[in-house]
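> Just so it is clear, I am handing over final19.txt, which has compact mmCIF, C-alpha atoms.
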```
# COMPACT_ATOMS: atom_id res chain seq x y z
CA MET C 1 32.44 30.34 -10.09
CA LYS C 2 31.61 26.63 -9.81
CA GLY C 3 34.02 26.32 -6.89
CA LEU C 4 32.40 29.26 -5.12
CA PHE C 5 28.92 27.74 -5.53
CA ALA C 6 30.14 24.35 -4.30
CA PHE C 7 31.58 26.02 -1.20
CA PHE C 8 28.36 27.95 -0.58
CA PHE C 9 26.22 24.87 -1.11
CA THR C 10 28.34 22.69 1.23
CA SER C 11 28.47 25.41 3.88
CA ALA C 12 24.70 25.86 3.81
CA LEU C 13 24.12 22.16 4.40
CA ALA C 14 26.70 22.15 7.21
CA ILE C 15 24.91 25.01 8.94
CA LEU C 16 21.62 23.10 8.84
CA ALA C 17 23.26 19.99 10.23
CA ALA C 18 24.81 21.98 13.07
CA PHE C 19 21.39 23.12 14.31
CA PRO C 20 19.18 20.02 14.44
CA GLY C 21 17.02 21.65 17.08
CA ALA C 22 15.78 24.19 14.56
CA ALA C 23 13.37 21.66 13.04
CA ILE C 24 10.50 23.29 11.23
CA GLY C 25 6.90 22.42 11.98
CA ALA C 26 7.23 21.99 15.75
CA GLY C 27 3.79 22.32 17.30
CA LEU C 28 1.83 20.88 14.39
CA LYS C 29 -0.17 17.66 14.45
CA VAL C 30 -1.93 15.49 11.90
CA GLY C 31 -5.61 15.39 12.89
CA PHE C 32 -5.31 18.58 14.93
CA TYR C 33 -9.03 19.35 14.46
CA ASN C 34 -10.33 15.81 15.00
CA LYS C 35 -12.08 16.82 18.22
CA THR C 36 -12.67 20.54 17.80
CA CYS C 37 -13.83 20.51 14.17
CA PRO C 38 -13.96 16.98 12.69
CA SER C 39 -15.26 18.21 9.33
CA ALA C 40 -12.53 20.83 8.85
CA GLU C 41 -10.53 19.14 6.12
CA THR C 42 -13.65 17.88 4.35
CA LEU C 43 -15.15 21.38 4.17
CA VAL C 44 -11.93 22.78 2.70
CA GLN C 45 -11.78 19.92 0.22
CA GLN C 46 -15.35 20.63 -0.88
CA ALA C 47 -14.59 24.32 -1.43
CA VAL C 48 -11.51 23.50 -3.51
CA ALA C 49 -13.35 20.85 -5.55
CA ALA C 50 -16.20 23.26 -6.34
CA ALA C 51 -13.76 25.93 -7.51
CA PHE C 52 -11.73 23.41 -9.51
CA LYS C 53 -14.88 22.25 -11.30
CA ASN C 54 -15.44 25.79 -12.56
CA ASN C 55 -11.78 26.56 -13.26
CA SER C 56 -9.15 23.83 -13.08
CA GLY C 57 -6.39 26.45 -13.12
CA ILE C 58 -7.31 27.45 -9.58
CA ALA C 59 -5.40 24.44 -8.22
CA ALA C 60 -2.06 25.77 -9.42
CA GLY C 61 -2.95 29.11 -7.89
CA LEU C 62 -3.59 27.61 -4.46
CA ILE C 63 -0.36 25.59 -4.50
CA ARG C 64 1.58 28.73 -5.37
CA MET C 65 -0.28 30.78 -2.75
CA HIS C 66 0.74 28.34 -0.01
CA PHE C 67 4.36 28.61 -1.13
CA HIS C 68 4.20 32.42 -1.16
CA ASP C 69 2.60 32.41 2.27
CA CYS C 70 5.20 30.16 3.86
CA PHE C 71 8.22 31.98 2.45
CA VAL C 72 7.09 35.31 3.92
CA ARG C 73 6.88 35.43 7.73
CA GLY C 74 6.24 31.67 7.75
CA CYS C 75 3.00 29.78 7.05
CA ASP C 76 0.75 32.20 8.91
CA GLY C 77 -1.88 33.15 6.35
CA SER C 78 -0.45 36.67 6.07
CA VAL C 79 -0.62 36.47 2.26
CA LEU C 80 -4.43 36.49 2.57
CA ILE C 81 -4.66 39.85 4.36
CA ASP C 82 -5.95 42.80 2.37
CA SER C 83 -4.09 46.09 2.13
CA THR C 84 -5.43 49.09 4.05
CA ALA C 85 -5.07 52.85 3.69
CA ASN C 86 -2.02 52.70 5.95
CA ASN C 87 -0.42 49.46 4.80
CA THR C 88 0.34 47.67 1.54
CA ALA C 89 -0.02 43.95 2.22
CA GLU C 90 1.91 40.98 0.78
CA LYS C 91 -0.78 40.17 -1.78
CA ASP C 92 -0.20 43.54 -3.45
CA ALA C 93 3.58 43.18 -3.73
CA ILE C 94 4.99 42.90 -7.26
CA PRO C 95 5.69 39.13 -7.01
CA ASN C 96 2.04 38.52 -6.05
CA LYS C 97 -0.03 41.01 -8.01
CA PRO C 98 -1.76 40.31 -10.30
CA SER C 99 -0.50 36.72 -10.56
CA LEU C 100 -1.60 35.31 -7.20
CA ARG C 101 -5.09 33.80 -7.30
CA GLY C 102 -7.48 31.64 -5.32
CA PHE C 103 -8.37 34.04 -2.51
CA GLU C 104 -12.08 33.52 -3.10
CA VAL C 105 -11.65 29.76 -2.53
CA ILE C 106 -10.13 30.38 0.89
CA ASP C 107 -12.97 32.80 1.64
CA ALA C 108 -15.55 30.14 0.74
CA ALA C 109 -13.85 27.51 2.88
CA LYS C 110 -13.56 29.90 5.81
CA LYS C 111 -17.25 30.82 5.56
CA ALA C 112 -18.22 27.15 5.70
CA LEU C 113 -15.90 26.50 8.62
CA GLU C 114 -17.09 29.48 10.64
CA ALA C 115 -20.66 28.24 10.22
CA GLN C 116 -19.70 24.75 11.39
CA CYS C 117 -16.91 25.46 13.90
CA PRO C 118 -16.72 29.16 14.86
CA ARG C 119 -13.31 30.61 15.75
CA THR C 120 -11.55 27.27 15.48
CA VAL C 121 -9.76 26.70 12.17
CA SER C 122 -7.03 29.12 11.15
CA CYS C 123 -6.72 30.64 7.70
CA ALA C 124 -3.14 29.38 7.55
CA ASP C 125 -4.35 25.80 8.01
CA ILE C 126 -7.12 26.28 5.45
CA LEU C 127 -4.49 27.33 2.90
CA ALA C 128 -2.28 24.34 3.73
CA PHE C 129 -5.24 21.97 3.33
CA ALA C 130 -6.31 23.69 0.09
CA ALA C 131 -2.82 23.31 -1.39
CA ARG C 132 -2.85 19.59 -0.54
CA ASP C 133 -6.27 19.17 -2.12
CA SER C 134 -5.05 20.99 -5.23
CA VAL C 135 -2.10 18.60 -5.49
CA ALA C 136 -4.55 15.71 -5.28
CA LEU C 137 -6.77 17.10 -8.04
CA THR C 138 -3.94 17.82 -10.47
CA GLY C 139 -1.52 15.01 -9.66
CA ASN C 140 -3.53 12.17 -8.12
CA LEU C 141 -1.23 12.54 -5.13
CA THR C 142 -2.18 13.20 -1.54
CA TYR C 143 -0.52 13.43 1.86
CA ARG C 144 -1.48 14.13 5.44
CA VAL C 145 -1.16 17.73 6.56
CA PRO C 146 -0.06 18.51 10.12
CA ALA C 147 -2.19 21.39 11.42
CA GLY C 148 -2.33 23.77 14.35
CA ARG C 149 -1.00 26.89 12.65
CA ARG C 150 -2.13 30.24 13.98
CA ASP C 151 -2.73 33.30 11.84
CA GLY C 152 -0.28 36.18 11.73
CA ARG C 153 -1.24 39.79 12.29
CA VAL C 154 1.36 41.42 10.03
CA SER C 155 1.44 41.57 6.24
CA LYS C 156 3.83 43.88 4.37
CA ASP C 157 4.65 44.07 0.68
CA THR C 158 8.30 44.72 1.51
CA ASP C 159 8.54 41.32 3.24
CA ALA C 160 7.32 39.62 0.08
CA LEU C 161 9.85 41.48 -2.03
CA SER C 162 12.75 40.49 0.22
CA ASN C 163 11.80 36.84 0.82
CA LEU C 164 10.23 35.39 -2.32
CA PRO C 165 12.60 33.79 -4.85
CA SER C 166 12.74 35.65 -8.14
CA PRO C 167 12.20 33.95 -11.52
CA LEU C 168 15.47 35.70 -12.43
CA SER C 169 17.45 33.96 -9.66
CA ASN C 170 20.59 31.94 -10.33
CA ALA C 171 21.42 28.65 -8.64
CA ALA C 172 23.36 30.12 -5.72
CA GLU C 173 20.58 32.62 -4.99
CA LEU C 174 17.94 29.89 -5.06
CA VAL C 175 19.87 27.59 -2.74
CA GLY C 176 20.51 30.47 -0.37
CA ASN C 177 16.84 31.43 -0.33
CA PHE C 178 15.69 27.91 0.45
CA THR C 179 18.36 27.04 3.01
CA GLY C 180 17.43 30.28 4.73
CA LYS C 181 14.04 28.65 5.32
CA ASN C 182 15.59 25.38 6.55
CA LEU C 183 14.89 23.68 3.22
CA THR C 184 17.64 21.85 1.36
CA ALA C 185 18.93 22.30 -2.17
CA GLU C 186 17.10 19.11 -3.12
CA ASP C 187 13.89 20.47 -1.59
CA MET C 188 14.31 23.47 -3.87
CA VAL C 189 14.61 21.29 -6.97
CA VAL C 190 11.66 19.17 -5.82
CA LEU C 191 9.37 22.13 -5.11
CA SER C 192 10.35 23.79 -8.39
CA GLY C 193 8.46 20.89 -9.96
CA ALA C 194 5.25 22.72 -9.04
CA HIS C 195 5.97 24.73 -12.21
CA THR C 196 4.51 21.75 -14.04
CA VAL C 197 1.09 23.37 -13.52
CA GLY C 198 -0.06 26.95 -13.80
CA ARG C 199 0.66 29.98 -15.93
CA SER C 200 3.07 32.89 -15.92
CA HIS C 201 2.89 36.51 -17.00
CA CYS C 202 5.31 37.54 -19.74
CA SER C 203 7.24 39.89 -17.46
CA SER C 204 8.68 36.91 -15.57
CA PHE C 205 10.59 35.48 -18.53
CA THR C 206 10.92 38.04 -21.34
CA ASN C 207 14.44 38.77 -20.06
CA ARG C 208 15.36 35.53 -21.88
CA LEU C 209 13.66 36.54 -25.12
CA TYR C 210 14.80 40.11 -25.80
CA GLY C 211 18.14 41.86 -25.27
CA PHE C 212 19.56 38.93 -23.34
CA SER C 213 23.18 39.92 -23.97
CA ASN C 214 25.42 41.76 -26.40
CA ALA C 215 26.15 38.46 -28.10
CA SER C 216 22.60 37.13 -28.32
CA ASP C 217 19.14 38.69 -28.26
CA VAL C 218 17.73 35.40 -26.98
CA ASP C 219 19.08 33.28 -24.12
CA PRO C 220 21.06 30.56 -25.94
CA THR C 221 20.16 27.99 -23.26
CA ILE C 222 16.48 28.01 -24.23
CA SER C 223 15.24 25.94 -27.16
CA ALA C 224 15.21 28.13 -30.28
CA ALA C 225 11.79 26.79 -31.28
CA TYR C 226 10.41 27.39 -27.79
CA ALA C 227 11.82 30.92 -27.75
CA LEU C 228 10.15 31.61 -31.10
CA LEU C 229 6.84 30.34 -29.72
CA LEU C 230 7.15 32.48 -26.60
CA ARG C 231 8.06 35.58 -28.59
CA GLY C 232 4.83 35.08 -30.52
CA VAL C 233 2.88 35.07 -27.26
CA CYS C 234 4.85 37.84 -25.57
CA PRO C 235 6.04 40.69 -27.83
CA ALA C 236 8.93 42.85 -26.67
CA ASN C 237 6.49 45.48 -25.36
CA SER C 238 4.10 42.96 -23.79
CA SER C 239 4.67 44.13 -20.20
CA GLN C 240 3.56 47.62 -21.18
CA PHE C 241 0.76 46.92 -23.63
CA PHE C 242 -0.33 43.36 -22.74
CA PRO C 243 0.28 43.11 -18.97
CA THR C 244 -2.31 40.36 -18.45
CA THR C 245 -1.01 37.99 -21.14
CA THR C 246 0.04 34.61 -19.74
CA THR C 247 1.39 31.30 -20.97
CA ALA C 248 1.57 27.80 -19.52
CA MET C 249 4.72 27.11 -17.52
CA ASP C 250 4.86 23.49 -18.69
CA LEU C 251 4.64 23.16 -22.47
CA MET C 252 3.82 19.44 -22.44
CA THR C 253 1.21 18.77 -19.74
CA PRO C 254 0.22 22.19 -18.34
CA ALA C 255 -2.76 20.92 -16.33
CA ALA C 256 -1.14 17.84 -14.75
CA LEU C 257 1.14 17.72 -11.73
CA ASP C 258 3.72 15.29 -13.12
CA ASN C 259 7.43 15.04 -13.90
CA ARG C 260 7.13 16.59 -17.37
CA TYR C 261 8.52 19.82 -15.97
CA TYR C 262 11.85 18.05 -15.51
CA VAL C 263 11.62 16.36 -18.91
CA GLY C 264 11.08 19.72 -20.52
CA LEU C 265 13.84 21.31 -18.48
CA ALA C 266 16.32 18.66 -19.63
CA ASN C 267 15.33 19.54 -23.22
CA ASN C 268 15.86 23.29 -22.81
CA LEU C 269 12.15 23.97 -22.33
CA GLY C 270 12.41 25.63 -18.94
CA LEU C 271 10.52 28.93 -18.87
CA PHE C 272 12.32 30.99 -16.23
CA THR C 273 15.94 31.86 -15.60
CA SER C 274 15.42 30.14 -12.25
CA ASP C 275 14.29 26.96 -14.03
CA GLN C 276 17.36 26.89 -16.25
CA ALA C 277 19.49 27.50 -13.14
CA LEU C 278 18.75 23.96 -11.96
CA LEU C 279 20.94 22.69 -14.81
CA THR C 280 23.93 24.89 -14.03
CA ASN C 281 25.22 22.92 -11.03
CA ALA C 282 26.10 19.23 -10.99
CA THR C 283 24.30 18.53 -7.70
CA LEU C 284 21.08 20.20 -8.78
CA ARG C 285 21.29 18.67 -12.26
CA ALA C 286 21.58 15.20 -10.72
CA SER C 287 18.24 15.71 -8.96
CA VAL C 288 16.64 16.92 -12.19
CA ASP C 289 17.91 13.84 -14.03
CA ALA C 290 16.62 11.55 -11.29
CA PHE C 291 13.14 13.03 -11.54
CA VAL C 292 13.18 12.76 -15.34
CA LYS C 293 13.68 9.02 -14.89
CA SER C 294 11.16 8.49 -12.10
CA GLU C 295 7.91 10.39 -11.61
CA LYS C 296 7.17 8.18 -8.62
CA LYS C 297 10.37 9.29 -6.91
CA TRP C 298 9.61 12.95 -7.53
CA LYS C 299 6.02 12.70 -6.30
CA SER C 300 7.13 10.98 -3.11
CA LYS C 301 9.68 13.69 -2.43
CA PHE C 302 7.25 16.43 -3.45
CA ALA C 303 4.67 15.33 -0.87
CA ARG C 304 7.29 15.33 1.87
CA ALA C 305 8.72 18.66 0.76
CA MET C 306 5.25 20.23 0.85
CA VAL C 307 4.78 19.05 4.43
CA LYS C 308 8.22 20.34 5.34
CA MET C 309 7.56 23.70 3.70
CA GLY C 310 4.23 23.89 5.50
CA GLY C 311 6.08 23.96 8.81
CA ILE C 312 8.22 27.03 8.11
CA GLU C 313 8.21 29.52 11.02
CA VAL C 314 4.71 28.57 12.09
CA LEU C 315 2.84 30.32 14.88
CA THR C 316 1.28 27.87 17.35
CA GLY C 317 -0.30 27.74 20.79
CA THR C 318 -1.28 31.24 21.87
CA GLN C 319 0.81 32.98 19.22
CA GLY C 320 -1.03 34.95 16.58
CA GLU C 321 -4.78 34.46 16.31
CA ILE C 322 -7.58 32.55 14.62
CA ARG C 323 -8.67 35.10 12.05
CA LEU C 324 -12.45 35.35 11.65
CA ASN C 325 -12.14 36.80 8.17
CA CYS C 326 -9.02 35.66 6.36
CA ARG C 327 -8.65 39.05 4.69
CA VAL C 328 -8.78 41.10 7.89
CA ILE C 329 -6.83 41.06 11.14
CA ASN C 330 -9.03 40.53 14.18
CA THR C 331 -9.86 43.47 16.41
CA GLY C 332 -10.05 43.44 20.19
CA SER C 333 -10.31 39.98 21.76
CA ALA C 334 -11.57 38.20 18.65
CA ALA C 335 -8.55 35.90 18.43
CA GLY C 336 -9.54 32.34 19.24
CA THR C 337 -7.55 29.93 21.34
CA VAL C 338 -7.01 26.30 20.32
CA GLU C 339 -5.31 23.76 22.54
CA LEU C 340 -2.11 22.28 21.11
CA ARG C 341 -1.44 18.54 21.43
CA THR C 342 1.69 17.56 19.55
CA THR C 343 5.43 16.97 19.45
CA ALA C 344 7.90 17.99 16.76
CA GLU C 345 8.71 14.36 16.05
CA GLU C 346 5.20 13.77 14.73
CA LEU C 347 6.10 15.78 11.64
CA ASN C 348 8.34 12.88 10.60
CA GLU C 349 5.46 10.42 10.73
CA ILE C 350 3.66 11.76 7.66
CA ALA C 351 2.76 8.85 5.41
CA MET C 352 1.59 8.78 1.84
CA GLU C 353 -2.09 7.83 1.59
```
Translate the structure described by the file into structure tokens.

Amino acid sequence: MKGLFAFFFTSALAILAAFPGAAIGAGLKVGFYNKTCPSAETLVQQAVAAAFKNNSGIAAGLIRMHFHDCFVRGCDGSVLIDSTANNTAEKDAIPNKPSLRGFEVIDAAKKALEAQCPRTVSCADILAFAARDSVALTGNLTYRVPAGRRDGRVSKDTDALSNLPSPLSNAAELVGNFTGKNLTAEDMVVLSGAHTVGRSHCSSFTNRLYGFSNASDVDPTISAAYALLLRGVCPANSSQFFPTTTTAMDLMTPAALDNRYYVGLANNLGLFTSDQALLTNATLRASVDAFVKSEKKWKSKFARAMVKMGGIEVLTGTQGEIRLNCRVINTGSAAGTVELRTTAEELNEIAME
């Protein structure tokens, strides 16, 4: 099994190397709105800060929402679209409902932007900015976000189901999912560190607590004390009778974006099957160990991985639209047009602030 994973892992990296022209993020530019809407990033930051003041947990929600947006049809704001009588949208897919949150923050930012700069700033860019601002509030870490994304006009629950990584995934499945988005195995380990903030519903991890195997009711790779604690929070019938019950994903510092996720993981305190999977392969484990030793190294890589993820399959130029209401696809000729002024190489010039 280890040999098969090593082959898959090496092959995936070779495929990426063979297609250097498939760089993600082409068409995005730092400071994209400097002339057309100079206050764009400030207005988003203010909306996020106001929401964070009322509920600090919203930051984790916005980081996760950006991830879920980018992994489904690219970073096009399609996760923000509401379902209709004839279509079930991404936000109502099982991986997103009821756990995805922060939509009202994007609405508030969009309202402020439409008042200041009508038909100019895309919902996809607002979400990318909001995720960055959430990282800053929880981890004292910031980075420059290339912008110029356009909003998609399609949102289907089936796309979310087929593209989002499952908390039940093993290492090979995770690597395959990420390399399919032009992200590396290390990017996957780095971005998994976002589990250091936020909460999870019981249904995402009770597979490790009850009926795990014929030999053991509980997953033997999870700390016995931690499993006992989790079983107290999430009874065996919790998904049926307590569907809204949640617990922190990081036992040690649940409100801080730091490297404690990796410290906990190395001590059998990972919450999901997909967390534990990072320890099942030598290459992935080496990254975990490196981040246990150096929070600075992880944060540096996390900022760059967020920028890289934010460039997945983006719509630019005249593709898509500038949605006027982030929850609703434009009708008629409402789609705005924004001039693009960038090169793909600029994505590599992102510097830590």
> Need to verify the contact set: Pro220 in chain C, 10 Å, only C-alpha atoms, exclusion of same-chain residues closer than 5 positions in sequence. Can you return it as number ranges by chain?
C: 208-209, 212-213, 215, 227, 268
> Check the smallest atom-to-atom distance from each of C:Cys202, C:Leu174, C:Ala303, C:Val190 to Asp289 in chain C using all atoms listed in the file, then report the winner.
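Smallest distance to Asp289 in chain C is found for C:Val190.
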> Which residue gives the smallest distance to Gly176 in chain C among C:Ser239, C:Asn163, C:Ser192, C:Ser300, with all atoms listed in the file counted?
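Ranking C:Ser239, C:Asn163, C:Ser192, C:Ser300 by distance to Gly176 in chain C, first place goes to C:Asn163.
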> Interatomic distance between CA of Thr158 in chain C and CA of Pro98 in chain C?
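That distance, rounded to one decimal, is 16.1 Å.
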> Name all residues at most 7 Å from range 58-61 of chain C (count only C-alpha atoms; drop same-chain ones fewer than 6 positions away) and give them as a ChimeraX atom specification.
/C:51-52,100-102,134,197-198
> Would you output that residue set with C-alpha atoms, as a short mmCIF file (atom, residue, chain, number, x, y, z; two decimals), in the coordinates of the input?

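selection05.cif, written as the output of this step:
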```cif
data_model
loop_
_atom_site.label_atom_id
_atom_site.label_comp_id
_atom_site.auth_asym_id
_atom_site.auth_seq_id
_atom_site.Cartn_x
_atom_site.Cartn_y
_atom_site.Cartn_z
CA ALA C 51 -13.76 25.93 -7.51
CA PHE C 52 -11.73 23.41 -9.51
CA LEU C 100 -1.60 35.31 -7.20
CA ARG C 101 -5.09 33.80 -7.30
CA GLY C 102 -7.48 31.64 -5.32
CA SER C 134 -5.05 20.99 -5.23
CA VAL C 197 1.09 23.37 -13.52
CA GLY C 198 -0.06 26.95 -13.80
#
```
> Where does range 43-117 of chain C meet range 318-323 of chain C within 12 Å, residue by residue, with the nearest atom pair and distance in Å to one decimal for each, counting all atoms listed in the file, listed by chain and rising number, as JSON lines?

```
{"residue": "C:Arg73", "atom": "CA", "partner": "C:Gly320", "partner_atom": "CA", "distance": 11.9}
{"residue": "C:Gly74", "atom": "CA", "partner": "C:Gly320", "partner_atom": "CA", "distance": 11.9}
{"residue": "C:Cys75", "atom": "CA", "partner": "C:Gly320", "partner_atom": "CA", "distance": 11.6}
{"residue": "C:Asp76", "atom": "CA", "partner": "C:Gly320", "partner_atom": "CA", "distance": 8.3}
{"residue": "C:Gly77", "atom": "CA", "partner": "C:Arg323", "partner_atom": "CA", "distance": 9.1}
{"residue": "C:Ser78", "atom": "CA", "partner": "C:Arg323", "partner_atom": "CA", "distance": 10.3}
{"residue": "C:Leu80", "atom": "CA", "partner": "C:Arg323", "partner_atom": "CA", "distance": 10.5}
{"residue": "C:Ile81", "atom": "CA", "partner": "C:Arg323", "partner_atom": "CA", "distance": 9.9}
{"residue": "C:Asp107", "atom": "CA", "partner": "C:Arg323", "partner_atom": "CA", "distance": 11.5}
{"residue": "C:Lys110", "atom": "CA", "partner": "C:Arg323", "partner_atom": "CA", "distance": 9.5}
{"residue": "C:Lys111", "atom": "CA", "partner": "C:Arg323", "partner_atom": "CA", "distance": 11.6}
{"residue": "C:Leu113", "atom": "CA", "partner": "C:Arg323", "partner_atom": "CA", "distance": 11.7}
{"residue": "C:Glu114", "atom": "CA", "partner": "C:Arg323", "partner_atom": "CA", "distance": 10.2}
{"residue": "C:Cys117", "atom": "CA", "partner": "C:Ile322", "partner_atom": "CA", "distance": 11.7}
```
> From the set C:Val175, C:Ile126, C:Ala255, C:Val292, which residue has the shortest atom-to-atom contact distance to Thr196 in chain C, counting only C-alpha atoms?
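Among the listed residues, the smallest separation from Thr196 in chain C belongs to C:Ala255.
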> Name the closest residue to Asp258 in chain C among the candidates C:Arg132, C:Lys296, C:Arg150, C:Lys97; distances are taken between atoms, counting only C-alpha atoms.
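The answer is C:Lys296, which sits nearest to Asp258 in chain C.
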> Would you please work out which residue, of C:Ile94, C:Ala115, C:Met306, C:Val154, is nearest to Cys37 in chain C when using all atoms listed in the file?
C:Ala115
> For each of C:Gln240, C:Ser294, C:Ser200, C:Asn330, take the minimum atom-to-atom distance to Asn96 in chain C, counting all atoms listed in the file, then give the residue where this is smallest.
C:Ser200
> I'd like the contact shell of Asn34 in chain C - 12 Å cut-off, all atoms listed in the file, skipping same-chain residues fewer than 4 positions apart - returned as number ranges by chain.
C: 29-30, 38-42, 117, 120-121, 146-148, 341
> Take the residues from that selection and put them in a file with C-alpha atoms, as a PDB file, keeping the file's coordinate frame.

```
ATOM      1  CA  LYS C  29      -0.170  17.660  14.450  1.00  0.00           C
ATOM      2  CA  VAL C  30      -1.930  15.490  11.900  1.00  0.00           C
ATOM      3  CA  PRO C  38     -13.960  16.980  12.690  1.00  0.00           C
ATOM      4  CA  SER C  39     -15.260  18.210   9.330  1.00  0.00           C
ATOM      5  CA  ALA C  40     -12.530  20.830   8.850  1.00  0.00           C
ATOM      6  CA  GLU C  41     -10.530  19.140   6.120  1.00  0.00           C
ATOM      7  CA  THR C  42     -13.650  17.880   4.350  1.00  0.00           C
ATOM      8  CA  CYS C 117     -16.910  25.460  13.900  1.00  0.00           C
ATOM      9  CA  THR C 120     -11.550  27.270  15.480  1.00  0.00           C
ATOM     10  CA  VAL C 121      -9.760  26.700  12.170  1.00  0.00           C
ATOM     11  CA  PRO C 146      -0.060  18.510  10.120  1.00  0.00           C
ATOM     12  CA  ALA C 147      -2.190  21.390  11.420  1.00  0.00           C
ATOM     13  CA  GLY C 148      -2.330  23.770  14.350  1.00  0.00           C
ATOM     14  CA  ARG C 341      -1.440  18.540  21.430  1.00  0.00           C
TER      15      ARG C 341
END
```
> So that I can check the surroundings of Arg199 in chain C, please list as JSON, numbers by chain every protein, DNA and RNA residue that reaches within 10 Å of it, counting all atoms listed in the file and ignoring chain neighbours fewer than 6 positions away.
{"C": [57, 60, 61, 99, 245, 246, 247, 248, 249, 250, 254, 255]}
> Any idea what the distance is between CA of Phe67 in chain C and CA of Pro165 in chain C?
10.4 Å
> What's the separation between CA of Ser155 in chain C and CA of Leu28 in chain C, in Å to one decimal place?
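We find that CA of Ser155 in chain C and CA of Leu28 in chain C lie 22.2 Å from each other.
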> Could you work out an axis-aligned box for range 190-200 of chain C, taking every atom the file lists and adding 4 Å on each side, and report centre and edge lengths in Å to one decimal, as AutoDock Vina command-line options?

```
--center_x 5.8 --center_y 26.0 --center_z -10.5 --size_x 19.7 --size_y 21.7 --size_z 18.8
```
